[in-house]
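K.L.:
Dropping a structure here in C-alpha cells format, bear with me for questions.
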Amino acid sequence: MEPTRSRPRPTAMLLVSLRRVVLVALLAASLTTLSAACGRQQSATGAPPLDGAGGGPSSSSSRVAFRLVHLAATTRGVPDVHTVLGSEGDLARFPGYFARSAPEIAQQITAKAARTDFSRSVLVGWSRTTGCSTATDAVLRLDAGKRLHLGVAQPKPPGECFVANHVVTLFEVPRGSLPDHPRFAQEASEEADPPGPGTTVAFTHLDTVPKDTVKGGGDGGGTEVTRASELDAFLAQLSGRGPATVRKQLAAHPVRAGERRFGYILSGCRPTGAALLISPGQAAVNAVPTGDENIRCIQAQHYAAVVGVAGGLL
C-alpha cells in the first residue's frame, strides 16, 4: 500500500511563486543597473567610448564617417594638437609638431597620408594625453553642437602610473561631413590649432632684394632673430621701408616666454604669410610662403617674414 502524499497547500504554493517573482525582478533590476553603468563608462580621455570598448555610442554624438589613417601611442612628450588639414600644404606642415619629440611619428604621418585626395577629403589631426593607459583604437564623433569628440579605446590602467601616455591620431573625413569651422570638445581651446607649428609675427613686401647679401634669400632658409642683436643683423640686410615695417609689426607681438623667432626672405605670388617646415633630423627650420597656393604670376615677388615658434618644438 503506497503512502499517502500530502498535496501542497495553496498558501505554500503562493509563497513559492512570490519568491520566484521577487528573485526574477531583483535579477532583472541588477542586470539593468549593471548595463546602465557600463553604458556610462568613459575612457580615460573623457570622450565617448568606442563601440564594444566599455560602452555604447553616446546619445549626444554621432560617429563621423572616417578612415583612421594613423594612430600612434607614445610616452614621449609630444604636444597636444587639434586641427583640420585641408590641403597638401597643411599636410606638409603638420608633422613638424612632432619632428623633434617623436621623429618616427612625423615620418609615419607623412608616409601614410601621402595619397590623400584633398579634392574629396580633409584630415583631422588630434594629439592628446590619455593618462596612464595606452590607446589601442580611436573614433571620431560629432555632437549636436557641431563639436568633434575623440573616442579612445584603452585597457584598464595599471595600479601605479609613472609616465603619461599620449595618442596621436589622423582621420580622413569626406569633405562636407564636417562644419566649415569645427570645434574640438575636450580641449581648453575648442578652436582648431594652425595646421603646423609657428605663427607669422611680421610679413612685408620688399621693393628690392640684394640676393647676394641676404642670408637664405628666396630658398626658405632663415636665420634666428630671437635676440635683439640677431634681429638687427637680419634687418640691416633689407632695403627701403622693409626694416621699419618689420619693426612696427613686431612691436605689436612681443616675444612670448620660451618662444624662438626666425627671419626669412621668401618669394611668391602675393602671399599673405609664412609657415614653418620642421623636418625630422634636420637642424635648419625652413619656411614657405602661404596664401598664394592658387595664384600664378609672371615674376615672383620677394617678402620678409618673421615666424615665432615654441622653443619646446625645436
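Naming scheme: A, B, ... for chains in displayed order of the C-alpha cells; residues 1 onward per chain; ligands 1 onward as shown.
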As a list of chain:residue names, please: the residues near Ala228 of chain A (cut-off 12 Å, only C-alpha atoms, same-chain neighbours under 5 positions excluded).
P.N.:
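Everything that qualifies: A:Ala233, A:Phe234, A:Leu235, A:Arg247, A:Leu250, A:Pro254, A:Val255, A:Arg260, A:Arg261.
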K.L.:
Find the residues around segment 84-99 of chain A up to 9 Å (only C-alpha atoms counted), leave out those fewer than 5 positions away in its own chain, and share them as a PyMOL selection string.
P.N.:
chain A and resi 78-79+104-110+113-114+116-119+121-126+181-182+192-197+275-281+290+293+313-314
K.L.:
Pull C-alpha atoms from the residues just selected and write them as a JSON list (two decimals), in the first residue's frame.
P.N.:
```json
[["chain", "number", "residue", "atom", "x", "y", "z"],
["A", 78, "VAL", "CA", 54.58, 65.16, -27.84],
["A", 79, "PRO", "CA", 52.46, 68.33, -27.96],
["A", 104, "GLU", "CA", 59.33, 58.47, -36.27],
["A", 105, "ILE", "CA", 55.72, 59.60, -35.78],
["A", 106, "ALA", "CA", 56.33, 62.60, -38.04],
["A", 107, "GLN", "CA", 57.71, 60.34, -40.74],
["A", 108, "GLN", "CA", 54.85, 57.84, -40.40],
["A", 109, "ILE", "CA", 52.25, 60.60, -40.78],
["A", 110, "THR", "CA", 53.92, 61.85, -43.95],
["A", 113, "ALA", "CA", 48.75, 60.31, -45.56],
["A", 114, "ALA", "CA", 50.70, 60.93, -48.77],
["A", 116, "THR", "CA", 45.12, 61.77, -49.52],
["A", 117, "ASP", "CA", 42.84, 63.22, -52.20],
["A", 118, "PHE", "CA", 42.12, 66.68, -50.81],
["A", 119, "SER", "CA", 39.56, 67.33, -53.54],
["A", 121, "SER", "CA", 38.62, 64.62, -48.18],
["A", 122, "VAL", "CA", 40.15, 66.54, -45.29],
["A", 123, "LEU", "CA", 42.30, 65.22, -42.48],
["A", 124, "VAL", "CA", 41.60, 65.72, -38.78],
["A", 125, "GLY", "CA", 44.75, 65.54, -36.67],
["A", 126, "TRP", "CA", 44.30, 65.14, -32.92],
["A", 181, "HIS", "CA", 34.92, 75.70, -38.75],
["A", 182, "PRO", "CA", 34.66, 72.63, -36.49],
["A", 192, "ALA", "CA", 41.43, 74.49, -34.28],
["A", 193, "ASP", "CA", 45.19, 74.91, -33.96],
["A", 194, "PRO", "CA", 47.20, 76.07, -37.00],
["A", 195, "PRO", "CA", 47.99, 73.19, -39.40],
["A", 196, "GLY", "CA", 51.66, 73.47, -38.49],
["A", 197, "PRO", "CA", 53.79, 74.95, -35.72],
["A", 275, "ALA", "CA", 54.68, 78.74, -42.40],
["A", 276, "LEU", "CA", 57.46, 76.68, -40.88],
["A", 277, "LEU", "CA", 58.59, 73.32, -42.21],
["A", 278, "ILE", "CA", 60.34, 71.44, -39.40],
["A", 279, "SER", "CA", 61.80, 68.18, -40.70],
["A", 280, "PRO", "CA", 62.99, 65.21, -38.59],
["A", 281, "GLY", "CA", 66.74, 65.00, -38.30],
["A", 290, "THR", "CA", 51.29, 80.81, -47.68],
["A", 293, "GLU", "CA", 48.76, 78.48, -53.39],
["A", 313, "LEU", "CA", 59.14, 72.09, -30.54],
["A", 314, "LEU", "CA", 62.70, 72.66, -31.75]]
```
K.L.:
Report the distance between atom CA of Ser177 of chain A and atom CA of Val64 of chain A in Å, rounded to one decimal place.
P.N.:
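For atom CA of Ser177 of chain A relative to atom CA of Val64 of chain A, the distance reads 7.3 Å.
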K.L.:
Can you work out which one of A:Val285, A:Leu150, A:Ala202, A:Leu266 has the shortest atom-to-atom distance to Arg100 of chain A, counting only C-alpha atoms?
P.N.:
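Closest to Arg100 of chain A, using only C-alpha atoms: A:Val285.
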K.L.:
Please give the complete set of residues from segment 197-258 of chain A that DSSP, run on the backbone, assigns to alpha helix (DSSP H), formatted as a list in words.
P.N.:
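DSSP on the backbone gives alpha helix (DSSP H) at Ala228, Ser229, Glu230, Leu231, Asp232, Ala233, Phe234, Leu235, Gly242, Pro243, Ala244, Thr245, Val246, Arg247, Lys248, Gln249, Leu250 and Ala251 of chain A.
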K.L.:
Output C-alpha atoms for every residue in that selection, as a CSV table (one decimal), in the first residue's frame.
P.N.:
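Once written, out_6.csv looks like this:
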```csv
chain,number,residue,atom,x,y,z
A,228,ALA,CA,67.8,91.9,-30.4
A,229,SER,CA,71.3,91.7,-31.9
A,230,GLU,CA,70.2,88.9,-34.3
A,231,LEU,CA,67.1,90.9,-35.4
A,232,ASP,CA,69.3,94.0,-36.0
A,233,ALA,CA,71.6,91.9,-38.2
A,234,PHE,CA,68.7,90.5,-40.2
A,235,LEU,CA,67.0,93.8,-40.8
A,242,GLY,CA,61.4,96.9,-45.0
A,243,PRO,CA,63.2,97.2,-41.7
A,244,ALA,CA,60.9,99.9,-40.3
A,245,THR,CA,57.8,97.9,-41.3
A,246,VAL,CA,59.0,94.7,-39.7
A,247,ARG,CA,59.9,96.5,-36.5
A,248,LYS,CA,56.5,98.1,-36.3
A,249,GLN,CA,54.8,94.7,-36.8
A,250,LEU,CA,57.0,93.1,-34.2
A,251,ALA,CA,56.2,95.8,-31.7
```
K.L.:
Rank nothing, just name the residue among A:Leu140, A:Ala257, A:Ile295, A:Cys132 nearest to Val163 of chain A, using only C-alpha atoms.
P.N.:
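Of A:Leu140, A:Ala257, A:Ile295, A:Cys132, the one nearest Val163 of chain A is A:Cys132, counting only C-alpha atoms.
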K.L.:
What does the distance between atom CA of Val152 of chain A and atom CA of Ala111 of chain A come to in Å, to one decimal place?
P.N.:
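So the two atoms, atom CA of Val152 of chain A and atom CA of Ala111 of chain A, lie 23.1 Å apart.
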K.L.:
Which is closer to Asn294 of chain A than all the others in A:Gly268, A:Ala164, A:Lys156, A:Val307, using only C-alpha atoms?
P.N.:
A:Gly268
K.L.:
What is the distance, in Å and to one decimal place, between atom CA of Val288 of chain A and atom CA of Ala274 of chain A?
P.N.:
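The value is 5.6 Å.
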K.L.:
Would you kindly return, as a VMD selection string, each protein, DNA or RNA residue with an atom no farther than 8 Å from any atom of Arg147 of chain A, considering only C-alpha atoms and excluding same-chain residues fewer than 3 positions away?
P.N.:
chain A and resid 142 to 144 182 to 185
